[in-house]
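Structure first, then comments.
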Amino acid sequence: MSYVAPVKDMLFNIEHLANIEQIAQLPGFEDAGLDTAQAVLEESAKFTEGVLAPLNWEGDKNPSSWKDGVVTATPGFKEAFKQFTDGGWQGLQHPTDFGGQGLPKTIGAACGEMVNSANMSFALCPLLSDGAIEALLTAGSDELKATYLENLVSGKWTGTMNLTEPQAGSDLAAVRSRAEPQADGSYKVFGTKIFITWGEHDMAENIVHLVLARVTGAPEGVKGISLFVVPKFMVNKDGSLGARNDVHCVSIEHKMGIKASPTAVLQYGDHGGAIGYLVGQENRGLEYMFIMMNAARYGVGVQGIAIAERAYQKAVQFSKDRVQSRPVDGSMPAAAPIIHHPDVKRMLMTMRAYTEGCRALASVGASAYDAAHHHPDADTRKQNQAFYEYMVPLIKGYSTEMSLEVTSLGVQVHGGMGFIEETGAAQYYRDAKILTIYEGTTAIQANDLVGRKTSRDGGQTAKGIAGQIETTEAELAASGSAHALAVAKRLKAARLAFIDVVEFVAGNTKASPNAVFAGSVPYLMLAGNLMAGWQLARALLVAEKQMAAGTDVPFMQAKITTARFYADHLLSKAGGLRDSIVEGADSVTALALDAF
């Protein structure tokens, strides 16, 4: 089946949970209210459904290819990328000063989900460009901004993020690429970078690599890493492209998924040194790279939601078409479409609830980002920044882990046909696996959640969010409906479990680090589960009011049912996670190493 963008659900979140009309009151966003959001999302839906989605299967069958240092994208991708850039989609949420449309992240994130649902391999190219743009906007000199940003924002050029190396993995302290200062203020960069998404391709005129390297004489470890712009082609003073720089793609990886997205091994400096330009100050590269990383981590979380949505849609269609076995309740005299069977409904509801819960969470996170960067009041900006930063590892970690469960269920709904590649269900499962790995594994997100986001402030940010959840519980109780009361009960139990874990983490990270980090990923999963469930509880309250007013009753009823399912079947897992974290650390670390 073809992809259908869930525009109605996205607009529900944008209007009622992310409060787009409040965002439209912020300086710079005056024209970005609900009407604008609807118009942009509908146009995005047309493009992603009509242009990108049909190329997704083709990209899996005919991946990008490498020959003699040249990477050629899947047939059709180059033309689709031109349509993408001509439509202004790359610059959707980037500043108008550099040719962007300046729309809020709240709108841009929804469009990003559509692009990823339609074709995740394709979407990775603009995702990495977004990160490069963010880094240059924050830390780049005026000269670097003038040289690179307009073409990156337009999509005429694309960007990459060059972090790791063969010996380093996720330990960036082990980066060995070096940069030698030159008399004209530039640097010569030498080294090998691996896992570079869209590090070489034929879809854009130039590729702007942002590269971590050590300046000669820099301190060891992460404190000695700097960030450099290294273009594929040199840029002349008039903005035209000059000579090829000394950076070359020596191979691309063969992967289990996202096959159309070339993952490059890049070699710098084999012919005298690649010319690079320092971003910001020497030895602050990791700090700047985290700007790219945080933008990418949020984006990868959205990818998880996107691939889950695509798998859900395919599973629903198959379950309506596939006829097998009589219903167990005897309601039909002969074999029926499998959607009539209770366990298939359970799987579909699980897929739906996870996806809608994480979508709502990502939308609220984007709204906080917009307020953190544009609200005129400093305290409000600070509060929203703290909220957003707490949510990023959850949006990345929880949404991607849930995408594995959802895409696996998608295969399961198809039964034996799901194991057959021609069905298409397996591609989503294979594509989803990378999401829990790149831009920091789930454990790395959990380490961030424990260290920077919980232990550092004694759990105060987390407890403040728990206070907001308690307010929602009171609103559910005031509603008094059976569904609201049932969700309130589950939400309260999950919140109390969460608070216990936050206190355990904040109180033991320094004294008993192994005990805390043994439960770091379960903590992330508990927190993500709670936050997504909270947003669906808020959605239930809105839907009840809308139903009472007679507004789109079928949609609102489905939203209530989905929220109730989430509470009963997913949020109810919080207590078990709490016990495993607070009381189960010893059994994680007790087994002797030679017994493994």
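By convention in this document, the chains of the structure tokens carry letters A, B, ... by their order, each chain's residues are numbered from 1, and ligands are numbered from 1 in the order they are shown.
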Exercise for the section: Write out as a ChimeraX atom specification all residues of stretch 167-380 of chain A that DSSP puts in alpha helix (DSSP H) for this structure's backbone. Expected result: /A:285-321,342-374,378-380
Practice task
Might you pull out every residue within 6 Å of stretch 188-190 of chain A, with only C-alpha atoms counted and same-chain residues fewer than 2 positions away left off, and present them as a PyMOL selection string?
Solution key: chain A and resi 177-180+268-269+273-276
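Residues in contact range of stretch 308-325 of chain A, defined as at most 7 Å between only C-alpha atoms, with sequence neighbours fewer than 5 positions away removed, read Met1, Tyr3, Ser117, Ala335, Ala336, Pro337, Ile338, Ile339, Leu348, Met351, Arg352, Thr355, Ser403, Val406, Thr407, Gly410, Val413, His414, Ala425 and Tyr428 of chain A.
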Include C-alpha atoms and write out the residues we just selected as a compact mmCIF listing (two decimals), in the first residue's frame.
```txt
# COMPACT_ATOMS: atom_id res chain seq x y z
CA MET A 1 0.00 0.00 0.00
CA TYR A 3 1.88 5.91 2.50
CA SER A 117 7.89 7.79 6.85
CA ALA A 335 -12.97 -17.31 7.66
CA ALA A 336 -12.70 -13.57 8.16
CA PRO A 337 -10.13 -10.81 7.65
CA ILE A 338 -7.60 -11.25 10.45
CA ILE A 339 -8.37 -7.80 11.88
CA LEU A 348 -2.40 -3.14 15.97
CA MET A 351 1.51 -0.20 17.28
CA ARG A 352 -0.98 2.65 17.15
CA THR A 355 3.26 5.71 17.63
CA SER A 403 10.00 1.53 16.67
CA VAL A 406 6.29 -1.73 16.34
CA THR A 407 8.07 -2.80 13.15
CA GLY A 410 4.25 -5.31 11.75
CA VAL A 413 0.80 -9.27 11.78
CA HIS A 414 1.78 -10.39 8.29
CA ALA A 425 7.10 -5.34 5.97
CA TYR A 428 10.74 -1.28 7.99
```
Problem - DSSP strand (DSSP E or B) residues within stretch 143-197 of chain A, listed as a PyMOL selection string - result: chain A and resi 157-162+178-181+187-197
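Remark: for A:Asn245, the closest of the candidate residues A:Asn447, A:Asn206, A:Ser363, A:Gln557 is A:Asn206 (distances computed over only C-alpha atoms).
Between atom CA of A:Gly224 and atom CA of A:Leu172 lies a distance of 10.5 Å.
Using only C-alpha atoms, the shortest contact distance between A:Ala32 and any of A:Asp370, A:Asp457, A:Asp579, A:Glu150 is found at A:Asp370.
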Problem - Residues near A:Ala484, cut-off 9 Å, only C-alpha atoms, skip fewer than 4 positions along chain, as a PyMOL selection string - result: chain A and resi 473+475-480+488-489+537+540-541+560+564
Given the selection you just returned, output its residues as a file containing N, CA and C atoms, formatted as a PDB file, in the first residue's frame.
```pdb
ATOM      1  N   GLU A 473      -3.319  14.631  36.163  1.00  0.00           N
ATOM      2  CA  GLU A 473      -4.091  13.633  36.911  1.00  0.00           C
ATOM      3  C   GLU A 473      -5.321  14.265  37.562  1.00  0.00           C
ATOM      4  N   GLU A 475      -6.877  16.911  36.530  1.00  0.00           N
ATOM      5  CA  GLU A 475      -7.832  17.251  35.466  1.00  0.00           C
ATOM      6  C   GLU A 475      -8.596  16.014  35.005  1.00  0.00           C
ATOM      7  N   LEU A 476      -7.918  14.876  34.951  1.00  0.00           N
ATOM      8  CA  LEU A 476      -8.592  13.627  34.605  1.00  0.00           C
ATOM      9  C   LEU A 476      -9.629  13.264  35.666  1.00  0.00           C
ATOM     10  N   ALA A 477      -9.261  13.426  36.927  1.00  0.00           N
ATOM     11  CA  ALA A 477     -10.200  13.139  38.013  1.00  0.00           C
ATOM     12  C   ALA A 477     -11.407  14.054  37.955  1.00  0.00           C
ATOM     13  N   ALA A 478     -11.165  15.323  37.610  1.00  0.00           N
ATOM     14  CA  ALA A 478     -12.267  16.294  37.519  1.00  0.00           C
ATOM     15  C   ALA A 478     -13.199  15.956  36.367  1.00  0.00           C
ATOM     16  N   SER A 479     -12.652  15.360  35.301  1.00  0.00           N
ATOM     17  CA  SER A 479     -13.502  14.953  34.183  1.00  0.00           C
ATOM     18  C   SER A 479     -14.534  13.942  34.646  1.00  0.00           C
ATOM     19  N   GLY A 480     -14.075  12.949  35.395  1.00  0.00           N
ATOM     20  CA  GLY A 480     -14.996  11.990  35.983  1.00  0.00           C
ATOM     21  C   GLY A 480     -15.463  10.879  35.070  1.00  0.00           C
ATOM     22  N   ALA A 488      -6.152   8.126  34.743  1.00  0.00           N
ATOM     23  CA  ALA A 488      -5.586   8.829  35.900  1.00  0.00           C
ATOM     24  C   ALA A 488      -4.931   7.846  36.869  1.00  0.00           C
ATOM     25  N   LYS A 489      -5.581   6.714  37.092  1.00  0.00           N
ATOM     26  CA  LYS A 489      -5.049   5.702  37.996  1.00  0.00           C
ATOM     27  C   LYS A 489      -3.703   5.180  37.503  1.00  0.00           C
ATOM     28  N   ALA A 537      -2.762  11.216  27.772  1.00  0.00           N
ATOM     29  CA  ALA A 537      -3.770  11.587  28.780  1.00  0.00           C
ATOM     30  C   ALA A 537      -4.280  13.003  28.534  1.00  0.00           C
ATOM     31  N   LEU A 540      -6.588  12.833  25.635  1.00  0.00           N
ATOM     32  CA  LEU A 540      -7.905  12.312  26.017  1.00  0.00           C
ATOM     33  C   LEU A 540      -8.805  13.434  26.538  1.00  0.00           C
ATOM     34  N   LEU A 541      -8.262  14.299  27.363  1.00  0.00           N
ATOM     35  CA  LEU A 541      -9.052  15.411  27.914  1.00  0.00           C
ATOM     36  C   LEU A 541      -9.553  16.332  26.812  1.00  0.00           C
ATOM     37  N   ILE A 560      -9.509   8.776  22.308  1.00  0.00           N
ATOM     38  CA  ILE A 560      -9.794   8.350  23.684  1.00  0.00           C
ATOM     39  C   ILE A 560      -9.473   6.867  23.862  1.00  0.00           C
ATOM     40  N   ARG A 564      -6.664   5.165  26.335  1.00  0.00           N
ATOM     41  CA  ARG A 564      -7.035   4.163  27.336  1.00  0.00           C
ATOM     42  C   ARG A 564      -6.199   2.884  27.140  1.00  0.00           C
TER      43      ARG A 564
END
```
Problem - Atom-to-atom span, atom CA of A:Ala527 and atom CA of A:Cys111, Å - result: 25.7 Å
All residues 9 Å or closer to A:Phe498, only C-alpha atoms, same chain fewer than 3 positions away omitted, as an mmCIF file with C-alpha atoms, in the first residue's frame:
```
data_model
loop_
_atom_site.group_PDB
_atom_site.id
_atom_site.type_symbol
_atom_site.label_atom_id
_atom_site.label_comp_id
_atom_site.auth_asym_id
_atom_site.auth_seq_id
_atom_site.Cartn_x
_atom_site.Cartn_y
_atom_site.Cartn_z
ATOM 1 C CA ALA A 462 12.480 15.557 36.507
ATOM 2 C CA LYS A 463 10.470 16.207 39.655
ATOM 3 C CA ALA A 466 6.284 15.074 37.537
ATOM 4 C CA ALA A 493 1.087 4.832 39.509
ATOM 5 C CA ALA A 494 3.613 5.445 36.728
ATOM 6 C CA ARG A 495 4.462 8.902 38.075
ATOM 7 C CA VAL A 501 13.600 6.029 40.302
ATOM 8 C CA VAL A 502 14.586 9.702 40.035
ATOM 9 C CA GLU A 503 15.355 9.775 43.758
ATOM 10 C CA TYR A 523 15.076 4.412 33.585
ATOM 11 C CA LEU A 526 10.215 4.214 32.158
ATOM 12 C CA ALA A 527 10.581 7.979 31.705
ATOM 13 C CA LEU A 530 5.465 8.006 31.277
ATOM 14 C CA ALA A 574 6.132 1.318 34.859
ATOM 15 C CA GLY A 575 5.946 -0.469 38.202
ATOM 16 C CA ARG A 578 10.787 0.729 38.821
#
```
